[in-house]
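Please read the structure below before turning to the comments.
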Amino acid sequence: MVSRQAFVNKIRELGYTFKGERKRIYLWRKTGHAHFISVPKAEKLEDEFVISSLRQAGQTQEQIDQFLKAAKS
């Protein structure tokens, strides 16, 4: 499990900005693009969600593994 704040910090580094809030999610959009990431409001995010979202954001498997290792330490 990865903290939501660590994941949000990572997607900010990748050029995503906060666009809105819904009942159970926060919406983040890539600056200058139409790609959105829906981030659950839960304090801890499942590893599968984090891996999938970062892969869609253009991260390599090595970069994702480094992030997960850093986020869990």
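Labeling convention for the structure tokens: chains A, B, ... as they appear, residues from 1 per chain, ligands from 1 in order of appearance.
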
For range 49-62 of chain A, list every protein, DNA or RNA residue within 9 Å, evaluated using only C-alpha atoms, and leave out those in the same chain fewer than 6 positions away; present the list as an MDAnalysis selection string. chainID A and resid 1:2 7 10:11 14 30 35 37:38 68

So which residues of chain A fall under strand (DSSP E) by DSSP, listed as an MDAnalysis selection string? chainID A and resid 2:3 16:21 25:30 36:40 44:45

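Candidate residues A:Ala6, A:Gly15, A:Asp47, A:Gly20 were compared for distance to His33 in chain A, and the nearest is A:Gly15, using only C-alpha atoms.
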
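You will find CA of Gln66 in chain A at 16.5 Å from CA of Gln5 in chain A.
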
Taking the DSSP assignment computed from this structure's backbone, write out as a short mmCIF file (atom, residue, chain, number, x, y, z; two decimals) with N, CA and C atoms, in the first residue's frame all residues of chain A that belong to helix (DSSP H, G or I).
```cif
data_model
loop_
_atom_site.label_atom_id
_atom_site.label_comp_id
_atom_site.auth_asym_id
_atom_site.auth_seq_id
_atom_site.Cartn_x
_atom_site.Cartn_y
_atom_site.Cartn_z
N ARG A 4 -1.51 8.07 -0.24
CA ARG A 4 -2.06 8.93 -1.28
C ARG A 4 -1.17 10.14 -1.50
N GLN A 5 -0.63 10.71 -0.43
CA GLN A 5 0.19 11.91 -0.55
C GLN A 5 1.46 11.65 -1.35
N ALA A 6 2.09 10.49 -1.15
CA ALA A 6 3.29 10.14 -1.91
C ALA A 6 2.95 10.00 -3.39
N PHE A 7 1.80 9.38 -3.69
CA PHE A 7 1.37 9.22 -5.08
C PHE A 7 1.06 10.56 -5.71
N VAL A 8 0.38 11.43 -4.99
CA VAL A 8 0.06 12.77 -5.51
C VAL A 8 1.34 13.55 -5.79
N ASN A 9 2.31 13.46 -4.91
CA ASN A 9 3.58 14.15 -5.14
C ASN A 9 4.24 13.65 -6.42
N LYS A 10 4.16 12.36 -6.67
CA LYS A 10 4.75 11.77 -7.87
C LYS A 10 4.06 12.26 -9.12
N ILE A 11 2.72 12.26 -9.12
CA ILE A 11 2.05 12.70 -10.35
C ILE A 11 2.21 14.21 -10.57
N ARG A 12 2.40 14.96 -9.50
CA ARG A 12 2.73 16.39 -9.67
C ARG A 12 4.06 16.53 -10.40
N GLU A 13 5.04 15.72 -10.03
CA GLU A 13 6.34 15.73 -10.71
C GLU A 13 6.19 15.42 -12.19
N ASP A 47 -1.25 -1.15 -4.47
CA ASP A 47 -0.09 -1.17 -5.36
C ASP A 47 -0.50 -1.32 -6.82
N GLU A 48 -1.50 -2.15 -7.09
CA GLU A 48 -1.94 -2.38 -8.47
C GLU A 48 -2.45 -1.08 -9.11
N PHE A 49 -3.18 -0.29 -8.34
CA PHE A 49 -3.68 1.00 -8.84
C PHE A 49 -2.51 1.92 -9.16
N VAL A 50 -1.54 2.00 -8.26
CA VAL A 50 -0.38 2.88 -8.44
C VAL A 50 0.42 2.46 -9.67
N ILE A 51 0.67 1.17 -9.79
CA ILE A 51 1.43 0.66 -10.94
C ILE A 51 0.72 0.97 -12.24
N SER A 52 -0.57 0.69 -12.30
CA SER A 52 -1.35 0.93 -13.51
C SER A 52 -1.38 2.41 -13.88
N SER A 53 -1.61 3.27 -12.90
CA SER A 53 -1.69 4.70 -13.16
C SER A 53 -0.37 5.27 -13.64
N LEU A 54 0.72 4.87 -13.00
CA LEU A 54 2.03 5.37 -13.41
C LEU A 54 2.43 4.85 -14.78
N ARG A 55 2.04 3.62 -15.09
CA ARG A 55 2.33 3.07 -16.41
C ARG A 55 1.58 3.87 -17.48
N GLN A 56 0.33 4.21 -17.22
CA GLN A 56 -0.45 5.02 -18.16
C GLN A 56 0.12 6.43 -18.29
N GLN A 61 8.86 0.45 -16.11
CA GLN A 61 8.74 -0.45 -14.98
C GLN A 61 9.83 -0.18 -13.95
N GLU A 62 11.02 0.16 -14.41
CA GLU A 62 12.12 0.48 -13.49
C GLU A 62 11.80 1.72 -12.65
N GLN A 63 11.24 2.75 -13.27
CA GLN A 63 10.87 3.96 -12.55
C GLN A 63 9.76 3.68 -11.54
N ILE A 64 8.81 2.84 -11.92
CA ILE A 64 7.72 2.48 -11.02
C ILE A 64 8.25 1.71 -9.82
N ASP A 65 9.14 0.76 -10.07
CA ASP A 65 9.72 -0.02 -8.98
C ASP A 65 10.49 0.87 -8.01
N GLN A 66 11.25 1.84 -8.55
CA GLN A 66 11.99 2.78 -7.70
C GLN A 66 11.04 3.60 -6.84
N PHE A 67 9.94 4.06 -7.43
CA PHE A 67 8.96 4.84 -6.68
C PHE A 67 8.33 4.00 -5.56
N LEU A 68 7.93 2.78 -5.89
CA LEU A 68 7.30 1.92 -4.88
C LEU A 68 8.27 1.64 -3.71
N LYS A 69 9.52 1.39 -4.06
CA LYS A 69 10.52 1.13 -3.03
C LYS A 69 10.69 2.35 -2.12
N ALA A 70 10.77 3.54 -2.72
CA ALA A 70 10.94 4.77 -1.94
C ALA A 70 9.69 5.09 -1.13
N ALA A 71 8.52 4.85 -1.70
CA ALA A 71 7.27 5.19 -1.03
C ALA A 71 7.00 4.29 0.18
N LYS A 72 7.54 3.09 0.15
CA LYS A 72 7.28 2.15 1.23
C LYS A 72 8.34 2.18 2.32
#
```

By how many Å are CA of Arg29 in chain A and CA of Tyr16 in chain A apart?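 Interatomic distance, CA of Arg29 in chain A to CA of Tyr16 in chain A: 5.1 Å.
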
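Taking CA of Glu43 in chain A as the reference point, CA of Ser3 in chain A is found at 5.8 Å.
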